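query-v6.cif (mmCIF, C-alpha atoms)
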data_coords
loop_
_atom_site.label_atom_id
_atom_site.label_comp_id
_atom_site.auth_asym_id
_atom_site.auth_seq_id
_atom_site.Cartn_x
_atom_site.Cartn_y
_atom_site.Cartn_z
CA GLY A 95 79.21 75.81 100.00
CA GLN A 96 82.22 75.33 102.18
CA ASN A 97 83.02 72.59 104.66
CA ILE A 98 86.21 71.99 106.63
CA ASP A 99 86.58 69.00 108.94
CA GLN A 100 89.29 68.24 111.46
CA PRO A 101 89.34 66.20 114.67
CA THR A 102 88.19 68.04 117.76
CA GLU A 103 90.94 66.89 120.11
CA MET A 104 94.14 64.86 120.06
CA THR A 105 96.59 63.83 122.75
CA ALA A 106 100.24 62.95 122.21
CA THR A 107 103.38 62.43 124.25
CA GLU A 108 106.32 64.77 124.50
CA GLY A 109 108.99 63.83 121.94
CA ALA A 110 106.54 61.96 119.72
CA ILE A 111 105.15 62.74 116.27
CA VAL A 112 101.52 63.69 115.69
CA GLN A 113 99.55 64.13 112.48
CA ILE A 114 96.49 66.38 112.38
CA ASN A 115 94.22 65.78 109.40
CA CYS A 116 91.95 68.21 107.60
CA THR A 117 89.45 67.57 104.83
CA TYR A 118 87.73 70.34 102.96
CA GLN A 119 85.12 71.05 100.33
CA THR A 120 85.08 74.45 98.74
CA SER A 121 84.23 75.75 95.30
CA GLY A 122 86.93 78.39 94.88
CA PHE A 123 89.91 76.68 96.51
CA ASN A 124 93.16 78.60 96.15
CA GLY A 125 95.39 77.44 98.99
CA LEU A 126 95.34 75.96 102.48
CA PHE A 127 96.83 77.41 105.65
CA TRP A 128 97.62 76.00 109.06
CA TYR A 129 97.57 78.31 112.07
CA GLN A 130 98.45 77.66 115.71
CA GLN A 131 96.41 79.30 118.44
CA HIS A 132 97.26 79.11 122.13
CA ALA A 133 94.38 79.65 124.52
CA GLY A 134 93.51 83.33 124.84
CA GLU A 135 95.94 84.37 122.12
CA ALA A 136 95.71 85.25 118.45
CA PRO A 137 96.34 82.67 115.70
CA THR A 138 99.85 82.56 114.28
CA PHE A 139 100.71 81.36 110.79
CA LEU A 140 102.45 77.99 110.46
CA SER A 141 102.31 76.89 106.82
CA TYR A 142 100.76 77.35 103.40
CA ASN A 143 100.14 74.81 100.61
CA VAL A 144 98.64 75.51 97.22
CA LEU A 145 100.27 72.73 95.16
CA ASP A 146 100.13 69.03 95.94
CA GLY A 147 102.93 67.77 98.10
CA LEU A 148 104.79 68.31 101.31
CA GLU A 149 106.11 71.58 102.69
CA GLU A 150 108.63 71.27 105.52
CA LYS A 151 109.53 73.97 107.99
CA GLY A 152 111.60 72.82 110.94
CA ARG A 153 109.58 70.54 113.22
CA PHE A 154 106.41 71.26 111.25
CA SER A 155 105.40 69.84 107.86
CA SER A 156 102.19 70.24 105.92
CA PHE A 157 100.85 68.11 103.10
CA LEU A 158 98.18 68.81 100.52
CA SER A 159 96.26 66.67 98.04
CA ARG A 160 93.95 68.89 96.02
CA SER A 161 92.27 66.00 94.23
CA LYS A 162 91.31 64.44 97.57
CA GLY A 163 90.51 67.69 99.35
CA TYR A 164 92.88 66.62 102.10
CA SER A 165 95.71 68.10 104.11
CA TYR A 166 97.64 67.18 107.21
CA LEU A 167 99.95 68.96 109.60
CA LEU A 168 102.79 66.88 111.00
CA LEU A 169 104.48 67.92 114.21
CA LYS A 170 107.74 66.19 115.15
CA GLU A 171 109.66 66.07 118.43
CA LEU A 172 106.64 67.34 120.31
CA GLN A 173 107.22 69.82 123.10
CA MET A 174 104.88 70.82 125.91
CA LYS A 175 104.58 74.28 124.36
CA ASP A 176 102.99 72.68 121.28
CA SER A 177 99.80 72.21 123.30
CA ALA A 178 97.44 74.51 121.43
CA SER A 179 94.64 74.54 118.88
CA TYR A 180 95.62 73.96 115.27
CA LEU A 181 93.37 75.61 112.72
CA CYS A 182 93.09 74.43 109.15
CA ALA A 183 92.00 77.32 106.92
CA VAL A 184 91.13 77.41 103.25
CA ARG A 185 91.44 80.33 100.87
CA ASP A 186 88.24 80.63 98.86
CA ASP A 187 88.26 83.06 95.98
CA THR A 188 84.56 82.74 95.23
CA GLY A 189 83.14 86.25 95.46
CA GLY A 190 86.37 87.82 96.61
CA PHE A 191 89.33 86.34 98.42
CA LYS A 192 88.66 85.20 101.94
CA THR A 193 89.94 82.62 104.39
CA ILE A 194 87.55 80.13 105.94
CA PHE A 195 88.68 78.51 109.19
CA GLY A 196 87.94 75.00 110.35
CA ALA A 197 86.83 74.44 113.94
CA GLY A 198 90.37 73.59 115.01
CA THR A 199 92.02 70.61 116.67
CA ARG A 200 92.99 70.99 120.30
CA LEU A 201 96.28 69.19 120.86
CA PHE A 202 97.32 68.16 124.35
CA VAL A 203 100.97 67.20 124.79
CA LYS A 204 101.64 65.16 127.93
CA ALA A 205 104.94 64.39 129.60
CA ASP B 1236 107.85 95.28 112.24
CA THR B 1237 105.50 92.29 111.93
CA GLU B 1238 103.07 93.43 114.55
CA VAL B 1239 99.37 94.14 114.40
CA THR B 1240 98.19 96.16 117.39
CA GLN B 1241 94.66 96.42 118.72
CA THR B 1242 93.11 98.67 121.32
CA PRO B 1243 91.59 98.32 123.77
CA LYS B 1244 92.55 94.87 125.05
CA HIS B 1245 89.34 94.58 127.04
CA LEU B 1246 86.05 96.44 126.67
CA VAL B 1247 82.86 96.23 128.70
CA MET B 1248 79.91 98.13 127.29
CA GLY B 1249 76.19 98.41 127.82
CA MET B 1250 73.66 97.77 125.11
CA THR B 1251 73.05 101.49 124.60
CA ASN B 1252 76.71 102.50 124.39
CA LYS B 1253 78.74 103.47 121.33
CA LYS B 1254 82.35 102.37 121.26
CA SER B 1255 85.09 101.73 118.71
CA LEU B 1256 87.76 99.09 118.32
CA LYS B 1257 91.02 100.11 116.69
CA CYS B 1258 93.61 98.16 114.73
CA GLU B 1259 96.94 99.29 113.29
CA GLN B 1260 99.69 97.71 111.20
CA HIS B 1261 102.82 99.10 109.57
CA MET B 1262 103.81 96.17 107.37
CA GLY B 1263 102.52 97.78 104.18
CA HIS B 1264 99.71 95.25 103.96
CA ARG B 1265 96.82 96.41 101.80
CA ALA B 1266 94.25 93.88 103.04
CA MET B 1267 92.78 94.10 106.53
CA TYR B 1268 90.20 91.92 108.22
CA TRP B 1269 87.85 91.79 111.18
CA TYR B 1270 87.03 88.43 112.74
CA LYS B 1271 84.77 87.47 115.63
CA GLN B 1272 85.77 84.50 117.78
CA LYS B 1273 83.69 82.83 120.46
CA ALA B 1274 85.28 80.54 123.05
CA LYS B 1275 86.50 77.24 121.61
CA LYS B 1276 85.28 78.22 118.13
CA PRO B 1277 87.25 79.24 115.05
CA PRO B 1278 87.49 82.85 113.94
CA GLU B 1279 84.49 83.94 111.85
CA LEU B 1280 85.16 86.43 109.11
CA MET B 1281 83.18 89.68 109.41
CA PHE B 1282 84.73 92.19 107.00
CA VAL B 1283 87.57 92.42 104.49
CA TYR B 1284 89.11 95.66 103.28
CA SER B 1285 91.31 95.67 100.19
CA TYR B 1286 93.15 98.87 99.30
CA GLU B 1287 91.04 100.71 101.88
CA LYS B 1288 87.79 99.66 100.22
CA LEU B 1289 85.28 97.27 101.75
CA SER B 1290 85.41 94.13 99.61
CA ILE B 1291 83.61 91.57 101.77
CA ASN B 1292 80.82 91.97 104.32
CA GLU B 1293 79.75 88.58 105.62
CA SER B 1294 76.17 89.64 106.31
CA VAL B 1295 77.16 91.31 109.55
CA PRO B 1296 74.40 93.22 111.42
CA SER B 1297 74.49 96.98 110.96
CA ARG B 1298 75.24 97.52 114.64
CA PHE B 1299 78.83 96.72 113.56
CA SER B 1300 80.24 99.40 111.27
CA PRO B 1301 83.78 99.06 109.87
CA GLU B 1302 85.95 101.94 108.72
CA CYS B 1303 89.36 102.04 107.06
CA PRO B 1304 90.68 105.62 107.29
CA ASN B 1305 94.02 104.78 105.65
CA SER B 1306 96.19 101.85 104.67
CA SER B 1307 97.47 101.34 108.24
CA LEU B 1308 94.32 101.72 110.28
CA LEU B 1309 91.11 99.76 110.66
CA ASN B 1310 88.27 100.61 113.01
CA LEU B 1311 85.15 98.78 114.07
CA HIS B 1312 82.38 101.01 115.40
CA LEU B 1313 79.93 99.38 117.78
CA HIS B 1314 76.43 100.59 118.59
CA ALA B 1315 73.43 99.00 120.31
CA LEU B 1316 75.13 95.63 120.71
CA GLN B 1317 73.51 92.57 122.23
CA PRO B 1318 74.93 90.30 124.96
CA GLU B 1319 75.44 87.57 122.34
CA ASP B 1320 77.94 89.88 120.62
CA SER B 1321 80.33 89.29 123.50
CA ALA B 1322 83.41 87.67 121.98
CA LEU B 1323 87.07 88.16 121.07
CA TYR B 1324 87.37 90.50 118.09
CA LEU B 1325 90.47 89.88 116.04
CA CYS B 1326 92.00 92.15 113.46
CA ALA B 1327 94.34 90.74 110.82
CA SER B 1328 96.29 92.03 107.85
CA SER B 1329 97.93 90.49 104.80
CA GLN B 1330 99.46 91.24 101.46
CA VAL B 1331 97.14 91.30 98.47
CA ARG B 1332 98.60 88.88 95.98
CA GLY B 1333 97.52 86.91 92.96
CA ALA B 1334 96.26 83.39 92.69
CA GLY B 1335 98.67 80.76 93.91
CA GLU B 1336 100.66 83.13 96.07
CA SER B 1337 100.78 82.93 99.82
CA TYR B 1338 99.09 85.71 101.70
CA GLU B 1339 99.23 84.55 105.28
CA GLN B 1340 97.42 86.74 107.73
CA TYR B 1341 99.03 88.40 110.71
CA PHE B 1342 96.66 88.66 113.64
CA GLY B 1343 96.50 91.21 116.40
CA PRO B 1344 96.04 90.11 120.02
CA GLY B 1345 92.33 90.89 119.90
CA THR B 1346 89.86 92.90 121.94
CA ARG B 1347 87.87 90.93 124.51
CA LEU B 1348 84.40 92.49 124.34
CA THR B 1349 81.71 91.98 126.97
CA VAL B 1350 78.24 93.42 126.38
CA THR B 1351 76.14 93.78 129.52
#
Could you spell out this file's structure in structure tokens?
Amino acid sequence: GQNIDQPTEMTATEGAIVQINCTYQTSGFNGLFWYQQHAGEAPTFLSYNVLDGLEEKGRFSSFLSRSKGYSYLLLKELQMKDSASYLCAVRDDTGGFKTIFGAGTRLFVKA
Amino acid sequence: DTEVTQTPKHLVMGMTNKKSLKCEQHMGHRAMYWYKQKAKKPPELMFVYSYEKLSINESVPSRFSPECPNSSLLNLHLHALQPEDSALYLCASSQVRGAGESYEQYFGPGTRLTVT
């Protein structure tokens, strides 16, 4: 089966750094995605990891440890517009390629 | 053009109606998806089309019927829906690549469906 866990909500201050964790269990793992979703809008792609290590893209970085079934998304220099849900999603190639989404972490950035 | 378009944006339908949701992309993506999303929940995969052929059906009730007329278009035909089917329906597309290669999905803005 598949299981993806991430915290339900987090609050951080503008200008700070926040780390959103994700743990997963899946049989046909073949990559992990992070998406951002503002309320009432569609998800937008942030990052992709398939090998262990850190991927950096501007203010956003994502880390993966396949042996631990663990990833995190790091957001630096937080801005108010970063208030959104952050979805951890796993590519599972069991029975055809598909992406399974976690429940998402709602991030509130306060002034 | 990195846009996925969906029509209509909003749809209200009765339980006896027949309606269709439409999705279009011109990025040359050969995989297209339908997701259902309830408020404060993650997107739930419904269907996956790969090279215009249905490759995944996540045990979706037959009152939802997908169709992929060509590589740019994806439809979702709705018939005899229930009030609990009210949700945001998201279309997405991606490349079809091999293992280890990124195939991020591009999402459309969604159709907000209300079944009365």
**Message:** Selection in question (the file shown): the PyMOL selection byres ((chain A and resi 104) around 12). Which residues does it include, as a PyMOL selection string?
**Reply:** chain A and resi 100-103+105-107+111-115+176-180+198-204
Select from chain B every residue with an atom at most 12 Å from any atom of chain A, then for each give the shortest pair of atoms and their distance in Å to one decimal, using all atoms listed in the file, rows by chain and rising number, as a tab-separated table.
residue	atom	partner	partner_atom	distance
B:Thr1237	CA	A:Thr138	CA	11.5
B:Glu1238	CA	A:Thr138	CA	11.3
B:Val1239	CA	A:Ala136	CA	10.4
B:Thr1240	CA	A:Ala136	CA	11.2
B:Gln1241	CA	A:Ala136	CA	11.2
B:Lys1244	CA	A:Glu135	CA	11.4
B:Ala1266	CA	A:Phe191	CA	10.1
B:Met1267	CA	A:Lys192	CA	10.8
B:Tyr1268	CA	A:Lys192	CA	9.3
B:Trp1269	CA	A:Lys192	CA	11.4
B:Tyr1270	CA	A:Thr193	CA	10.6
B:Lys1271	CA	A:Ala136	CA	11.5
B:Gln1272	CA	A:Ala136	CA	10.0
B:Lys1273	CA	A:Gly134	CA	10.8
B:Ala1274	CA	A:Gly134	CA	8.9
B:Lys1275	CA	A:Ala197	CA	8.2
B:Lys1276	CA	A:Ala197	CA	5.9
B:Pro1277	CA	A:Ala197	CA	4.9
B:Pro1278	CA	A:Phe195	CA	6.5
B:Glu1279	CA	A:Phe195	CA	7.4
B:Leu1280	CA	A:Ile194	CA	7.4
B:Met1281	CA	A:Lys192	CA	10.3
B:Phe1282	CA	A:Lys192	CA	9.5
B:Val1283	CA	A:Lys192	CA	7.7
B:Tyr1284	CA	A:Phe191	CA	10.5
B:Ser1285	CA	A:Phe191	CA	9.7
B:Leu1289	CA	A:Gly190	CA	10.8
B:Ser1290	CA	A:Gly190	CA	7.1
B:Ile1291	CA	A:Gly190	CA	7.0
B:Asn1292	CA	A:Gly190	CA	10.4
B:Glu1293	CA	A:Lys192	CA	10.2
B:Ala1322	CA	A:Gly134	CA	11.4
B:Leu1323	CA	A:Gly134	CA	8.9
B:Tyr1324	CA	A:Ala136	CA	9.9
B:Leu1325	CA	A:Ala136	CA	7.4
B:Cys1326	CA	A:Ala136	CA	9.3
B:Ala1327	CA	A:Ala136	CA	9.5
B:Ser1328	CA	A:Lys192	CA	11.8
B:Ser1329	CA	A:Lys192	CA	11.0
B:Gln1330	CA	A:Phe191	CA	11.7
B:Val1331	CA	A:Phe191	CA	9.3
B:Arg1332	CA	A:Phe191	CA	9.9
B:Gly1333	CA	A:Phe191	CA	9.9
B:Ala1334	CA	A:Asn124	CA	6.7
B:Gly1335	CA	A:Val144	CA	6.2
B:Glu1336	CA	A:Val144	CA	8.0
B:Ser1337	CA	A:Tyr142	CA	6.6
B:Tyr1338	CA	A:Tyr142	CA	8.7
B:Glu1339	CA	A:Phe139	CA	6.5
B:Gln1340	CA	A:Phe139	CA	7.0
B:Tyr1341	CA	A:Thr138	CA	6.9
B:Phe1342	CA	A:Ala136	CA	6.0
B:Gly1343	CA	A:Ala136	CA	6.4
B:Pro1344	CA	A:Ala136	CA	5.1
B:Gly1345	CA	A:Ala136	CA	6.7
B:Thr1346	CA	A:Ala136	CA	10.2
B:Arg1347	CA	A:Gly134	CA	9.5
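One finds CA of Gly152 (chain A) at 15.2 Å from CA of Lys175 (chain A).
CA of Lys1254 (chain B) to CA of His1312 (chain B) spans 6.0 Å [interatomic distance, one decimal].
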**Prompt:** Just so the selection is clear, what residues does the PyMOL selection byres ((chain A and resi 161) around 12) cover here, as JSON, numbers by chain?
**Reply:** {"A": [117, 118, 119, 120, 123, 144, 145, 146, 147, 158, 159, 160, 162, 163, 164, 165]}
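Taking CA of His132 (chain A) and CA of Gly1263 (chain B) as endpoints, the distance between them is 26.4 Å.
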**Asked** Any idea what's packed within 6 Å of Ser155 (chain A), counting only C-alpha atoms, ignoring anything in its chain fewer than 2 positions away? Could you give it as a PyMOL selection string?
**Response** chain A and resi 149-151+167-168
**Item:** Explicit residue set for the PyMOL selection byres ((chain B and resi 1307) around 9), as a VMD selection string
**Value:** chain B and resid 1258 to 1265 1267 1303 to 1306 1308 to 1309
Find the spatial neighbours of Thr1351 (chain B), counting only C-alpha atoms, within a cut-off of 9 Å - ignore same-chain residues fewer than 3 positions away - and output them as a PDB file with C-alpha atoms, keeping the file's coordinate frame.
ATOM      1  CA  VAL B1247      82.860  96.230 128.700  1.00  0.00           C
ATOM      2  CA  MET B1248      79.910  98.130 127.290  1.00  0.00           C
ATOM      3  CA  GLY B1249      76.190  98.410 127.820  1.00  0.00           C
ATOM      4  CA  MET B1250      73.660  97.770 125.110  1.00  0.00           C
ATOM      5  CA  GLN B1317      73.510  92.570 122.230  1.00  0.00           C
ATOM      6  CA  PRO B1318      74.930  90.300 124.960  1.00  0.00           C
ATOM      7  CA  SER B1321      80.330  89.290 123.500  1.00  0.00           C
TER       8      SER B1321
END
**Item:** Test item: residues at most 9 Å from Ser1300 (chain B), all atoms listed in the file, excluding those fewer than 6 positions along its chain, as number ranges by chain
**Value:** B: 1310-1314
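Neighbours of Ser121 (chain A) closer than or equal to 9 Å, with only C-alpha atoms counted and sequence neighbours fewer than 3 positions away skipped, come out as Gly95, Gln96, Asp186, Asp187 and Thr188 of chain A.
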For the residues in that selection, give me C-alpha atoms as a PDB file, keeping the file's coordinate frame.
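Once everything was written out, this is out.pdb:
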ATOM      1  CA  GLY A  95      79.210  75.810 100.000  1.00  0.00           C
ATOM      2  CA  GLN A  96      82.220  75.330 102.180  1.00  0.00           C
ATOM      3  CA  ASP A 186      88.240  80.630  98.860  1.00  0.00           C
ATOM      4  CA  ASP A 187      88.260  83.060  95.980  1.00  0.00           C
ATOM      5  CA  THR A 188      84.560  82.740  95.230  1.00  0.00           C
TER       6      THR A 188
END
